[in-house]
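The data block below is protein_38.cif; it holds mmCIF, C-alpha atoms.
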```cif
data_start
#
loop_
_atom_site.label_atom_id
_atom_site.label_comp_id
_atom_site.auth_asym_id
_atom_site.auth_seq_id
_atom_site.Cartn_x
_atom_site.Cartn_y
_atom_site.Cartn_z
CA MET A 1 -145.34 44.40 -16.92
CA SER A 2 -147.30 42.60 -19.64
CA VAL A 3 -148.13 44.01 -23.06
CA LEU A 4 -151.81 44.23 -22.12
CA SER A 5 -150.93 46.19 -18.99
CA LYS A 6 -148.85 48.61 -21.04
CA LEU A 7 -151.63 49.00 -23.58
CA TYR A 8 -154.09 49.69 -20.77
CA ALA A 9 -151.74 52.25 -19.20
CA TYR A 10 -150.83 54.10 -22.38
CA LEU A 11 -154.06 53.83 -24.36
CA TYR A 12 -156.71 54.05 -21.65
CA LEU A 13 -155.18 55.72 -18.61
CA ARG A 14 -152.58 57.97 -20.22
CA GLY A 15 -154.45 58.41 -23.49
CA PHE A 16 -158.23 58.20 -23.41
CA LYS A 17 -158.91 59.17 -19.77
CA VAL A 18 -156.69 62.24 -19.98
CA TRP A 19 -158.11 63.22 -23.38
CA ILE A 20 -161.77 62.80 -22.41
CA SER A 21 -161.27 64.59 -19.08
CA TYR A 22 -160.86 67.82 -21.06
CA LYS A 23 -164.37 67.68 -22.45
CA THR A 24 -164.28 70.98 -24.31
CA ASN A 25 -161.06 70.05 -26.05
CA ALA A 26 -162.42 66.59 -26.91
CA ALA A 27 -165.58 68.11 -28.39
CA LEU A 28 -163.58 70.63 -30.42
CA THR A 29 -161.31 67.84 -31.65
CA MET A 30 -164.28 65.86 -32.92
CA LEU A 31 -165.69 68.96 -34.59
CA SER A 32 -162.34 69.45 -36.31
CA TRP A 33 -162.82 65.99 -37.84
CA ILE A 34 -166.31 66.72 -39.13
CA ILE A 35 -166.29 70.34 -40.31
CA PRO A 36 -163.60 69.99 -43.04
CA VAL A 37 -165.61 67.22 -44.72
CA PHE A 38 -168.58 69.52 -45.19
CA THR A 39 -166.33 72.46 -46.08
CA TYR A 40 -164.81 70.58 -49.01
CA TYR A 41 -168.13 68.95 -49.88
CA PHE A 42 -169.76 72.34 -50.40
CA THR A 43 -166.62 73.59 -52.16
CA GLY A 44 -166.89 70.73 -54.63
CA THR A 45 -170.61 71.31 -55.03
CA ALA A 46 -170.12 75.00 -55.70
CA LEU A 47 -167.30 74.59 -58.22
CA GLY A 48 -168.84 71.59 -59.95
CA ASN A 49 -166.90 69.94 -62.75
CA ARG A 50 -164.09 72.49 -62.67
CA ILE A 51 -162.65 71.00 -59.51
CA VAL A 52 -162.85 67.34 -60.48
CA SER A 53 -160.63 67.62 -63.55
CA GLY A 54 -157.64 65.38 -62.98
CA LEU A 55 -159.48 63.03 -60.65
CA GLY A 56 -160.10 60.43 -63.32
CA GLY A 57 -163.76 61.38 -63.53
CA GLY A 58 -164.34 60.57 -59.88
CA SER A 59 -166.28 62.54 -57.31
CA TYR A 60 -164.43 65.35 -55.57
CA THR A 61 -166.29 64.50 -52.35
CA ALA A 62 -165.00 60.91 -52.51
CA PHE A 63 -161.48 62.18 -53.25
CA VAL A 64 -161.49 64.50 -50.23
CA VAL A 65 -163.19 62.05 -47.86
CA VAL A 66 -160.47 59.42 -48.35
CA GLY A 67 -157.77 62.09 -48.12
CA LEU A 68 -159.05 63.56 -44.86
CA ALA A 69 -159.76 60.14 -43.34
CA PHE A 70 -156.16 58.94 -43.64
CA GLN A 71 -154.12 62.16 -43.59
CA GLY A 72 -154.59 62.40 -39.83
CA TYR A 73 -152.62 59.22 -39.26
CA VAL A 74 -149.52 61.01 -40.48
CA SER A 75 -149.88 64.50 -39.05
CA SER A 76 -151.53 63.60 -35.74
CA THR A 77 -149.35 60.59 -34.90
CA ILE A 78 -146.17 62.55 -35.50
CA THR A 79 -147.33 65.52 -33.44
CA THR A 80 -148.70 63.21 -30.71
CA VAL A 81 -145.30 61.64 -30.10
CA SER A 82 -143.46 64.96 -30.09
CA GLN A 83 -146.07 66.57 -27.84
CA ARG A 84 -145.98 63.62 -25.45
CA LEU A 85 -142.21 63.89 -25.16
CA ARG A 86 -142.43 67.64 -24.72
CA ASN A 87 -145.10 67.34 -22.00
CA GLU A 88 -143.10 64.77 -20.07
CA GLN A 89 -140.08 67.07 -20.24
CA LEU A 90 -142.16 69.91 -18.78
CA TYR A 91 -143.62 67.65 -16.08
CA GLY A 92 -140.19 66.31 -15.22
CA THR A 93 -141.38 62.71 -15.69
CA LEU A 94 -139.63 61.78 -18.94
CA GLU A 95 -136.79 59.98 -17.17
CA TYR A 96 -139.26 57.79 -15.28
CA TYR A 97 -140.91 56.73 -18.54
CA VAL A 98 -137.79 55.95 -20.53
CA LEU A 99 -136.06 54.22 -17.62
CA SER A 100 -139.14 52.11 -16.84
CA PRO A 101 -139.38 48.44 -17.94
CA SER A 102 -140.95 49.52 -21.24
CA GLY A 103 -137.77 51.44 -22.04
CA VAL A 104 -137.10 54.31 -24.41
CA LEU A 105 -138.41 52.48 -27.48
CA GLY A 106 -141.43 51.25 -25.53
CA PHE A 107 -142.32 54.82 -24.66
CA LEU A 108 -142.17 55.72 -28.34
CA THR A 109 -144.20 52.70 -29.46
CA TYR A 110 -146.98 52.95 -26.90
CA SER A 111 -147.23 56.73 -27.28
CA SER A 112 -147.69 56.22 -31.03
CA LEU A 113 -150.52 53.76 -30.38
CA TRP A 114 -152.68 56.47 -28.84
CA GLY A 115 -152.28 58.58 -31.98
CA PHE A 116 -153.22 55.56 -34.09
CA ALA A 117 -156.24 54.76 -31.89
CA LEU A 118 -157.59 58.31 -31.90
CA ASN A 119 -157.18 58.62 -35.64
CA SER A 120 -158.95 55.31 -36.19
CA VAL A 121 -162.04 56.92 -34.66
CA ASN A 122 -161.40 59.97 -36.83
CA MET A 123 -161.15 57.78 -39.93
CA ALA A 124 -164.35 55.89 -39.14
CA VAL A 125 -166.29 59.12 -38.55
CA ILE A 126 -165.09 60.74 -41.79
CA LEU A 127 -165.71 57.63 -43.92
CA ALA A 128 -169.20 57.32 -42.40
CA ILE A 129 -169.97 60.96 -43.18
CA GLY A 130 -168.71 60.39 -46.70
CA PHE A 131 -171.04 57.44 -47.08
CA GLY A 132 -173.90 59.62 -45.91
CA LEU A 133 -172.93 62.19 -48.55
CA GLY A 134 -173.11 59.58 -51.28
CA VAL A 135 -169.59 58.15 -51.45
CA LYS A 136 -169.62 54.49 -52.51
CA TYR A 137 -166.87 52.17 -51.25
CA SER A 138 -165.79 48.99 -53.01
CA ALA A 139 -165.48 45.79 -50.98
CA SER A 140 -163.27 44.13 -53.59
CA GLY A 141 -160.34 46.40 -52.79
CA ILE A 142 -160.39 45.98 -49.00
CA ALA A 143 -157.43 43.55 -48.86
CA ALA A 144 -155.17 45.85 -50.89
CA ALA A 145 -156.34 48.86 -48.87
CA LEU A 146 -155.43 47.06 -45.65
CA ILE A 147 -151.87 46.39 -46.86
CA ILE A 148 -151.38 50.01 -47.92
CA PHE A 149 -152.91 51.20 -44.65
CA VAL A 150 -150.50 49.09 -42.56
CA LEU A 151 -147.53 50.37 -44.56
CA LEU A 152 -148.78 53.94 -44.03
CA LEU A 153 -148.93 53.33 -40.28
CA LEU A 154 -145.40 51.95 -40.26
CA THR A 155 -143.97 54.87 -42.21
CA SER A 156 -145.83 57.27 -39.89
CA PHE A 157 -144.27 55.49 -36.92
CA GLY A 158 -140.80 55.87 -38.45
CA ILE A 159 -141.31 59.58 -39.11
CA ALA A 160 -142.74 60.00 -35.59
CA ALA A 161 -139.53 58.48 -34.22
CA MET A 162 -137.50 61.06 -36.15
CA SER A 163 -139.76 63.78 -34.79
CA GLY A 164 -139.22 62.47 -31.26
CA ALA A 165 -135.45 62.51 -31.80
CA VAL A 166 -135.60 66.19 -32.71
CA VAL A 167 -137.63 67.02 -29.59
CA MET A 168 -135.20 65.07 -27.42
CA ILE A 169 -132.38 67.35 -28.57
CA THR A 170 -133.93 70.73 -29.42
CA LYS A 171 -136.72 70.74 -26.75
CA GLN A 172 -138.64 73.39 -28.71
CA GLY A 173 -139.02 73.82 -32.45
CA ASN A 174 -139.64 70.67 -34.45
CA PRO A 175 -139.37 71.08 -38.23
CA ILE A 176 -140.41 67.47 -38.91
CA ALA A 177 -143.66 67.74 -36.95
CA PHE A 178 -144.30 71.19 -38.42
CA PHE A 179 -143.87 70.00 -41.99
CA PHE A 180 -146.03 66.89 -41.69
CA SER A 181 -148.79 68.63 -39.70
CA THR A 182 -148.90 71.68 -41.97
CA PHE A 183 -147.88 70.78 -45.50
CA THR A 184 -149.21 67.24 -45.96
CA ALA A 185 -152.69 68.67 -46.53
CA LEU A 186 -151.23 70.95 -49.21
CA MET A 187 -148.77 68.61 -50.94
CA GLY A 188 -149.80 65.13 -49.80
CA ASN A 189 -152.55 64.43 -52.35
CA THR A 190 -155.13 65.09 -49.62
CA VAL A 191 -157.64 67.64 -50.89
CA PHE A 192 -156.53 68.02 -54.51
CA PRO A 193 -154.51 65.84 -56.88
CA VAL A 194 -150.76 66.18 -57.27
CA THR A 195 -151.34 67.17 -60.90
CA ALA A 196 -152.77 70.48 -59.66
CA LEU A 197 -149.44 71.43 -58.05
CA PRO A 198 -146.88 73.57 -59.86
CA TRP A 199 -144.07 71.52 -61.40
CA TYR A 200 -141.51 72.52 -58.74
CA LEU A 201 -143.67 71.04 -55.95
CA LYS A 202 -144.65 67.78 -57.64
CA ASP A 203 -141.32 66.06 -56.95
CA LEU A 204 -141.52 67.07 -53.30
CA SER A 205 -145.06 65.73 -53.13
CA TYR A 206 -143.96 62.35 -54.46
CA ALA A 207 -141.29 62.22 -51.74
CA ILE A 208 -144.09 62.14 -49.13
CA PRO A 209 -145.36 58.61 -48.33
CA LEU A 210 -148.90 59.90 -47.83
CA THR A 211 -149.11 60.93 -51.49
CA TRP A 212 -148.62 57.35 -52.64
CA ALA A 213 -150.73 55.84 -49.86
CA LEU A 214 -153.74 58.02 -50.67
CA GLN A 215 -153.45 57.20 -54.35
CA GLY A 216 -153.53 53.51 -53.50
CA LEU A 217 -156.31 53.84 -50.93
CA ARG A 218 -158.51 55.71 -53.38
CA GLY A 219 -157.83 53.10 -56.02
CA SER A 220 -158.72 50.25 -53.68
CA LEU A 221 -161.63 51.77 -51.72
CA LEU A 222 -163.28 53.74 -54.53
CA GLU A 223 -162.36 51.81 -57.68
CA GLY A 224 -161.99 48.31 -56.24
CA LEU A 225 -158.43 47.82 -57.51
CA SER A 226 -156.68 44.69 -56.23
CA PHE A 227 -153.02 43.88 -55.52
CA SER A 228 -152.17 43.54 -59.20
CA GLY A 229 -153.53 46.98 -59.99
CA LEU A 230 -151.73 48.60 -57.07
CA SER A 231 -148.48 46.60 -57.02
CA ASN A 232 -146.33 49.63 -57.90
CA ILE A 233 -147.80 51.69 -55.07
CA ILE A 234 -147.42 48.85 -52.58
CA TYR A 235 -143.79 48.48 -53.66
CA VAL A 236 -143.10 52.21 -53.17
CA MET A 237 -144.76 52.17 -49.75
CA LEU A 238 -142.68 49.15 -48.77
CA VAL A 239 -139.51 51.04 -49.74
CA PHE A 240 -140.63 54.02 -47.66
CA THR A 241 -141.24 51.69 -44.71
CA LEU A 242 -137.84 50.01 -45.00
CA ILE A 243 -136.20 53.44 -44.95
CA THR A 244 -138.22 55.39 -42.39
CA VAL A 245 -138.64 52.77 -39.64
CA PRO A 246 -134.97 51.72 -39.18
CA LEU A 247 -133.75 55.30 -39.68
CA GLY A 248 -136.32 56.69 -37.25
CA LEU A 249 -135.51 54.14 -34.54
CA TYR A 250 -131.78 54.71 -35.02
CA LEU A 251 -132.07 58.50 -34.73
CA TYR A 252 -134.42 58.24 -31.76
CA SER A 253 -132.05 55.92 -29.87
CA LYS A 254 -129.05 58.12 -30.70
CA ALA A 255 -130.88 61.26 -29.57
CA PHE A 256 -131.83 59.57 -26.30
CA ASP A 257 -128.24 58.45 -25.68
CA LYS A 258 -126.96 61.95 -26.40
CA ALA A 259 -129.52 63.64 -24.14
CA ARG A 260 -128.77 61.17 -21.33
CA LYS A 261 -125.00 61.61 -21.77
CA ASP A 262 -125.33 65.42 -21.75
CA GLY A 263 -127.70 65.31 -18.77
CA THR A 264 -130.41 67.15 -20.69
CA LEU A 265 -133.05 64.42 -20.86
CA SER A 266 -135.56 66.25 -18.66
CA GLN A 267 -134.51 69.77 -19.51
CA TYR A 268 -137.06 71.94 -21.27
#
```
Written as C-alpha coordinates, that's how I'd like the structure from this file.
Amino acid sequence: MSVLSKLYAYLYLRGFKVWISYKTNAALTMLSWIIPVFTYYFTGTALGNRIVSGLGGGSYTAFVVVGLAFQGYVSSTITTVSQRLRNEQLYGTLEYYVLSPSGVLGFLTYSSLWGFALNSVNMAVILAIGFGLGVKYSASGIAAALIIFVLLLLTSFGIAAMSGAVVMITKQGNPIAFFFSTFTALMGNTVFPVTALPWYLKDLSYAIPLTWALQGLRGSLLEGLSFSGLSNIIYVMLVFTLITVPLGLYLYSKAFDKARKDGTLSQY
(Lines of atoms letter the chains of each structure in order from A and count residues from 1; the text may use other names and numbers.)
(Lines give C-alpha, C1' and ligand atoms only; values in the text may rest on other atoms or scores of the structure.)
Protein backbone atom coordinates (compact mmCIF):
# COMPACT_ATOMS: atom_id res chain seq x y z
CA MET A 1 0.00 0.00 0.00
CA SER A 2 1.63 3.25 -1.15
CA VAL A 3 1.90 6.42 0.91
CA LEU A 4 -0.58 8.17 -1.39
CA SER A 5 -3.07 5.33 -0.91
CA LYS A 6 -2.72 5.60 2.85
CA LEU A 7 -3.16 9.36 2.72
CA TYR A 8 -6.27 8.92 0.60
CA ALA A 9 -7.67 6.32 3.00
CA TYR A 10 -6.94 8.18 6.22
CA LEU A 11 -7.41 11.78 5.13
CA TYR A 12 -10.24 11.53 2.61
CA LEU A 13 -12.16 8.32 3.29
CA ARG A 14 -11.64 7.91 7.03
CA GLY A 15 -11.28 11.61 7.76
CA PHE A 16 -13.08 14.05 5.48
CA LYS A 17 -15.91 11.83 4.18
CA VAL A 18 -16.86 10.66 7.66
CA TRP A 19 -16.59 14.19 9.07
CA ILE A 20 -18.63 15.87 6.32
CA SER A 21 -21.28 13.13 6.38
CA TYR A 22 -22.38 14.49 9.76
CA LYS A 23 -23.38 17.85 8.34
CA THR A 24 -24.75 19.34 11.55
CA ASN A 25 -21.60 18.47 13.44
CA ALA A 26 -19.42 19.84 10.63
CA ALA A 27 -21.36 23.11 10.62
CA LEU A 28 -21.13 23.43 14.40
CA THR A 29 -17.40 22.71 14.24
CA MET A 30 -16.88 25.54 11.76
CA LEU A 31 -18.97 27.86 13.91
CA SER A 32 -16.77 26.95 16.87
CA TRP A 33 -13.81 28.25 14.85
CA ILE A 34 -15.45 31.57 14.00
CA ILE A 35 -17.42 32.61 17.09
CA PRO A 36 -14.47 32.85 19.55
CA VAL A 37 -12.69 35.30 17.23
CA PHE A 38 -15.59 37.73 17.42
CA THR A 39 -16.09 37.05 21.13
CA TYR A 40 -12.55 38.14 21.95
CA TYR A 41 -12.65 40.92 19.35
CA PHE A 42 -15.62 42.55 21.07
CA THR A 43 -14.05 41.85 24.47
CA GLY A 44 -10.94 43.73 23.40
CA THR A 45 -13.03 46.52 21.93
CA ALA A 46 -15.07 46.88 25.10
CA LEU A 47 -12.11 46.88 27.49
CA GLY A 48 -9.91 49.05 25.29
CA ASN A 49 -6.38 49.77 26.45
CA ARG A 50 -6.81 47.98 29.76
CA ILE A 51 -6.58 44.59 28.11
CA VAL A 52 -3.61 45.27 25.85
CA SER A 53 -1.17 46.11 28.63
CA GLY A 54 1.65 43.59 28.46
CA LEU A 55 1.23 42.96 24.74
CA GLY A 56 4.07 45.24 23.76
CA GLY A 57 1.65 47.86 22.50
CA GLY A 58 0.14 45.48 19.98
CA SER A 59 -3.51 44.94 19.16
CA TYR A 60 -5.42 42.55 21.38
CA THR A 61 -7.35 41.33 18.33
CA ALA A 62 -4.08 40.42 16.58
CA PHE A 63 -2.83 38.71 19.75
CA VAL A 64 -5.97 36.57 20.04
CA VAL A 65 -6.26 35.80 16.32
CA VAL A 66 -2.78 34.24 16.18
CA GLY A 67 -3.42 32.41 19.46
CA LEU A 68 -6.72 30.89 18.34
CA ALA A 69 -5.40 30.06 14.86
CA PHE A 70 -2.58 27.84 16.14
CA GLN A 71 -3.86 26.61 19.51
CA GLY A 72 -6.12 24.13 17.75
CA TYR A 73 -3.15 22.23 16.35
CA VAL A 74 -2.25 21.18 19.87
CA SER A 75 -5.61 20.52 21.49
CA SER A 76 -7.44 19.09 18.47
CA THR A 77 -4.62 16.87 17.18
CA ILE A 78 -4.10 15.31 20.59
CA THR A 79 -7.80 14.68 21.12
CA THR A 80 -8.21 13.44 17.53
CA VAL A 81 -5.68 10.65 18.03
CA SER A 82 -7.11 9.59 21.38
CA GLN A 83 -10.68 9.71 20.08
CA ARG A 84 -9.71 7.72 16.98
CA LEU A 85 -8.15 5.02 19.13
CA ARG A 86 -11.13 5.02 21.45
CA ASN A 87 -13.61 4.74 18.56
CA GLU A 88 -11.73 1.85 16.99
CA GLN A 89 -11.75 0.08 20.36
CA LEU A 90 -15.52 0.51 20.56
CA TYR A 91 -16.00 -0.66 16.96
CA GLY A 92 -13.74 -3.64 17.53
CA THR A 93 -11.56 -2.67 14.55
CA LEU A 94 -8.41 -1.44 16.30
CA GLU A 95 -6.57 -4.73 15.82
CA TYR A 96 -7.21 -4.61 12.07
CA TYR A 97 -5.68 -1.13 11.85
CA VAL A 98 -2.58 -1.75 13.91
CA LEU A 99 -1.91 -5.15 12.36
CA SER A 100 -2.36 -3.80 8.82
CA PRO A 101 0.66 -2.99 6.59
CA SER A 102 0.73 0.57 7.96
CA GLY A 103 1.37 -0.85 11.42
CA VAL A 104 0.85 0.61 14.87
CA LEU A 105 2.99 3.69 14.22
CA GLY A 106 1.38 4.18 10.81
CA PHE A 107 -2.03 4.29 12.45
CA LEU A 108 -0.77 6.98 14.80
CA THR A 109 0.89 9.02 12.05
CA TYR A 110 -1.95 8.96 9.55
CA SER A 111 -4.57 9.58 12.24
CA SER A 112 -2.60 12.68 13.30
CA LEU A 113 -2.60 13.94 9.71
CA TRP A 114 -6.38 14.35 9.75
CA GLY A 115 -6.12 16.54 12.84
CA PHE A 116 -3.42 18.59 11.13
CA ALA A 117 -5.46 18.91 7.92
CA LEU A 118 -8.65 19.98 9.68
CA ASN A 119 -6.82 22.52 11.79
CA SER A 120 -5.10 23.94 8.72
CA VAL A 121 -8.56 24.92 7.47
CA ASN A 122 -9.33 26.27 10.94
CA MET A 123 -6.12 28.32 10.91
CA ALA A 124 -6.79 29.76 7.46
CA VAL A 125 -10.35 30.75 8.40
CA ILE A 126 -9.29 32.46 11.65
CA LEU A 127 -6.35 34.32 10.06
CA ALA A 128 -8.64 35.47 7.24
CA ILE A 129 -11.23 36.74 9.72
CA GLY A 130 -8.45 38.51 11.59
CA PHE A 131 -7.35 40.20 8.38
CA GLY A 132 -10.92 41.32 7.82
CA LEU A 133 -10.95 42.77 11.34
CA GLY A 134 -7.85 44.81 10.61
CA VAL A 135 -4.97 42.54 11.63
CA LYS A 136 -1.87 43.17 9.50
CA TYR A 137 0.54 40.31 8.83
CA SER A 138 4.21 40.75 7.97
CA ALA A 139 5.62 38.88 4.98
CA SER A 140 9.21 39.28 6.19
CA GLY A 141 8.69 36.85 9.06
CA ILE A 142 7.09 34.03 7.04
CA ALA A 143 10.24 31.85 6.91
CA ALA A 144 10.76 31.98 10.68
CA ALA A 145 7.04 31.39 11.26
CA LEU A 146 7.18 28.29 9.06
CA ILE A 147 10.05 26.81 11.09
CA ILE A 148 8.26 27.45 14.39
CA PHE A 149 5.04 26.08 12.93
CA VAL A 150 6.71 22.82 11.84
CA LEU A 151 8.30 22.41 15.28
CA LEU A 152 4.88 23.01 16.87
CA LEU A 153 3.38 20.27 14.69
CA LEU A 154 6.14 17.86 15.66
CA THR A 155 5.75 18.51 19.38
CA SER A 156 1.98 18.12 19.01
CA PHE A 157 2.55 14.78 17.30
CA GLY A 158 4.80 13.64 20.15
CA ILE A 159 2.24 14.66 22.78
CA ALA A 160 -0.51 12.99 20.72
CA ALA A 161 1.51 9.76 20.82
CA MET A 162 1.66 9.99 24.62
CA SER A 163 -2.08 10.60 24.69
CA GLY A 164 -2.62 7.53 22.49
CA ALA A 165 -0.48 5.45 24.84
CA VAL A 166 -2.71 6.40 27.76
CA VAL A 167 -5.86 5.46 25.83
CA MET A 168 -4.32 2.13 24.84
CA ILE A 169 -3.94 1.23 28.52
CA THR A 170 -6.70 3.05 30.42
CA LYS A 171 -9.43 2.90 27.69
CA GLN A 172 -11.31 5.77 29.37
CA GLY A 173 -9.97 8.83 31.13
CA ASN A 174 -7.06 10.59 29.46
CA PRO A 175 -5.35 13.26 31.58
CA ILE A 176 -2.98 14.29 28.76
CA ALA A 177 -5.79 14.99 26.28
CA PHE A 178 -7.83 16.67 29.01
CA PHE A 179 -5.01 19.00 30.00
CA PHE A 180 -4.05 20.06 26.48
CA SER A 181 -7.65 20.48 25.29
CA THR A 182 -8.76 22.40 28.39
CA PHE A 183 -5.86 24.32 29.89
CA THR A 184 -3.80 25.37 26.86
CA ALA A 185 -6.29 28.17 26.20
CA LEU A 186 -5.84 29.32 29.80
CA MET A 187 -2.09 28.87 30.28
CA GLY A 188 -0.71 28.53 26.76
CA ASN A 189 -0.35 32.23 25.87
CA THR A 190 -3.47 31.92 23.70
CA VAL A 191 -5.92 34.66 24.68
CA PHE A 192 -3.84 36.65 27.16
CA PRO A 193 -0.11 36.98 27.80
CA VAL A 194 1.74 34.81 30.28
CA THR A 195 2.54 37.95 32.28
CA ALA A 196 -1.14 38.13 33.27
CA LEU A 197 -0.92 34.77 35.07
CA PRO A 198 -0.25 34.53 38.79
CA TRP A 199 3.38 33.71 39.58
CA TYR A 200 2.66 30.09 40.53
CA LEU A 201 1.23 29.36 37.04
CA LYS A 202 3.88 31.11 34.96
CA ASP A 203 6.45 28.32 35.28
CA LEU A 204 3.83 25.76 34.25
CA SER A 205 2.90 27.91 31.28
CA TYR A 206 6.51 28.02 30.09
CA ALA A 207 6.61 24.21 30.28
CA ILE A 208 3.96 24.11 27.51
CA PRO A 209 5.43 24.18 23.96
CA LEU A 210 2.47 26.21 22.69
CA THR A 211 3.44 29.14 24.93
CA TRP A 212 6.79 29.51 23.18
CA ALA A 213 5.42 28.75 19.72
CA LEU A 214 2.76 31.46 19.95
CA GLN A 215 5.30 33.98 21.17
CA GLY A 216 7.45 33.22 18.15
CA LEU A 217 4.54 33.15 15.70
CA ARG A 218 3.31 36.53 16.89
CA GLY A 219 6.81 37.93 16.60
CA SER A 220 7.22 36.63 13.06
CA LEU A 221 3.71 37.17 11.66
CA LEU A 222 2.87 40.45 13.38
CA GLU A 223 6.25 42.11 13.93
CA GLY A 224 8.20 40.62 11.02
CA LEU A 225 10.98 39.18 13.21
CA SER A 226 13.45 36.92 11.40
CA PHE A 227 15.52 33.93 12.54
CA SER A 228 18.00 36.10 14.41
CA GLY A 229 15.28 37.76 16.43
CA LEU A 230 13.60 34.46 17.26
CA SER A 231 16.63 32.17 17.64
CA ASN A 232 16.01 31.55 21.35
CA ILE A 233 12.41 30.51 20.73
CA ILE A 234 13.38 28.26 17.84
CA TYR A 235 16.02 26.64 20.06
CA VAL A 236 13.48 26.01 22.85
CA MET A 237 10.98 24.54 20.38
CA LEU A 238 13.70 22.28 18.97
CA VAL A 239 14.44 21.00 22.49
CA PHE A 240 10.74 20.33 23.05
CA THR A 241 10.62 18.42 19.75
CA LEU A 242 13.67 16.31 20.57
CA ILE A 243 12.05 15.34 23.88
CA THR A 244 8.38 14.86 23.00
CA VAL A 245 8.67 12.95 19.70
CA PRO A 246 11.05 10.13 20.78
CA LEU A 247 9.37 9.87 24.20
CA GLY A 248 5.89 9.82 22.68
CA LEU A 249 6.77 7.14 20.13
CA TYR A 250 8.49 5.05 22.81
CA LEU A 251 5.52 5.21 25.19
CA TYR A 252 3.05 4.53 22.38
CA SER A 253 4.95 1.43 21.22
CA LYS A 254 5.32 0.18 24.80
CA ALA A 255 1.62 0.69 25.50
CA PHE A 256 0.72 -1.21 22.33
CA ASP A 257 3.02 -4.10 23.25
CA LYS A 258 1.55 -4.24 26.75
CA ALA A 259 -2.06 -4.15 25.51
CA ARG A 260 -1.31 -6.87 22.94
CA LYS A 261 0.50 -9.02 25.53
CA ASP A 262 -2.37 -8.63 28.02
CA GLY A 263 -4.96 -9.30 25.31
CA THR A 264 -6.69 -5.97 25.97
CA LEU A 265 -6.01 -4.24 22.65
CA SER A 266 -9.66 -4.12 21.58
CA GLN A 267 -11.20 -4.02 25.01
CA TYR A 268 -13.16 -0.91 25.91
Please tell me which residues are no farther than 12 Å from (-145.9, 57.7, -56.6) in the file, counting all atoms listed in the file, and write them as an mmCIF file with C-alpha atoms, in the coordinates of the input.
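And here's result_10.cif as it stands now:
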```cif
data_model
loop_
_atom_site.group_PDB
_atom_site.id
_atom_site.type_symbol
_atom_site.label_atom_id
_atom_site.label_comp_id
_atom_site.auth_asym_id
_atom_site.auth_seq_id
_atom_site.Cartn_x
_atom_site.Cartn_y
_atom_site.Cartn_z
ATOM 1 C CA GLY A 188 -149.800 65.130 -49.800
ATOM 2 C CA ASN A 189 -152.550 64.430 -52.350
ATOM 3 C CA PRO A 193 -154.510 65.840 -56.880
ATOM 4 C CA VAL A 194 -150.760 66.180 -57.270
ATOM 5 C CA THR A 195 -151.340 67.170 -60.900
ATOM 6 C CA LYS A 202 -144.650 67.780 -57.640
ATOM 7 C CA ASP A 203 -141.320 66.060 -56.950
ATOM 8 C CA LEU A 204 -141.520 67.070 -53.300
ATOM 9 C CA SER A 205 -145.060 65.730 -53.130
ATOM 10 C CA TYR A 206 -143.960 62.350 -54.460
ATOM 11 C CA ALA A 207 -141.290 62.220 -51.740
ATOM 12 C CA ILE A 208 -144.090 62.140 -49.130
ATOM 13 C CA PRO A 209 -145.360 58.610 -48.330
ATOM 14 C CA LEU A 210 -148.900 59.900 -47.830
ATOM 15 C CA THR A 211 -149.110 60.930 -51.490
ATOM 16 C CA TRP A 212 -148.620 57.350 -52.640
ATOM 17 C CA ALA A 213 -150.730 55.840 -49.860
ATOM 18 C CA LEU A 214 -153.740 58.020 -50.670
ATOM 19 C CA GLN A 215 -153.450 57.200 -54.350
ATOM 20 C CA GLY A 216 -153.530 53.510 -53.500
ATOM 21 C CA LEU A 230 -151.730 48.600 -57.070
ATOM 22 C CA SER A 231 -148.480 46.600 -57.020
ATOM 23 C CA ASN A 232 -146.330 49.630 -57.900
ATOM 24 C CA ILE A 233 -147.800 51.690 -55.070
ATOM 25 C CA ILE A 234 -147.420 48.850 -52.580
ATOM 26 C CA TYR A 235 -143.790 48.480 -53.660
ATOM 27 C CA VAL A 236 -143.100 52.210 -53.170
ATOM 28 C CA MET A 237 -144.760 52.170 -49.750
ATOM 29 C CA VAL A 239 -139.510 51.040 -49.740
ATOM 30 C CA PHE A 240 -140.630 54.020 -47.660
#
```
Item to check | Output of the PyMOL selection byres ((chain A and resi 246) around 12), listed as a PyMOL selection string | outcome: chain A and resi 154-155+157-162+239-245+247-253
Got a sec to check which residues sit within 9 Å of (-144.0, 61.1, -34.8), counting all atoms listed in the file, and write them as a CSV table (one decimal) with C-alpha atoms, in the frame of the given file?
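Produced file out.csv, reproduced below:
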```csv
chain,number,residue,atom,x,y,z
A,74,VAL,CA,-149.5,61.0,-40.5
A,75,SER,CA,-149.9,64.5,-39.0
A,76,SER,CA,-151.5,63.6,-35.7
A,77,THR,CA,-149.4,60.6,-34.9
A,78,ILE,CA,-146.2,62.6,-35.5
A,79,THR,CA,-147.3,65.5,-33.4
A,80,THR,CA,-148.7,63.2,-30.7
A,81,VAL,CA,-145.3,61.6,-30.1
A,82,SER,CA,-143.5,65.0,-30.1
A,108,LEU,CA,-142.2,55.7,-28.3
A,112,SER,CA,-147.7,56.2,-31.0
A,156,SER,CA,-145.8,57.3,-39.9
A,157,PHE,CA,-144.3,55.5,-36.9
A,158,GLY,CA,-140.8,55.9,-38.4
A,159,ILE,CA,-141.3,59.6,-39.1
A,160,ALA,CA,-142.7,60.0,-35.6
A,161,ALA,CA,-139.5,58.5,-34.2
A,162,MET,CA,-137.5,61.1,-36.2
A,163,SER,CA,-139.8,63.8,-34.8
A,164,GLY,CA,-139.2,62.5,-31.3
A,176,ILE,CA,-140.4,67.5,-38.9
A,177,ALA,CA,-143.7,67.7,-37.0
```
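Selection by the PyMOL selection byres ((chain A and resi 140) around 10) on the present file picks out Tyr137, Ser138, Ala139, Gly141, Ile142, Ala143, Ala144, Ala145, Ser220, Leu221, Leu222, Glu223, Gly224, Leu225 and Ser226 of chain A.
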Checklist entry - Residues picked by the PyMOL selection byres ((chain A and resi 69) around 9) here, as a ChimeraX atom specification? => result /A:33,64-68,70-73,119-120,122-127
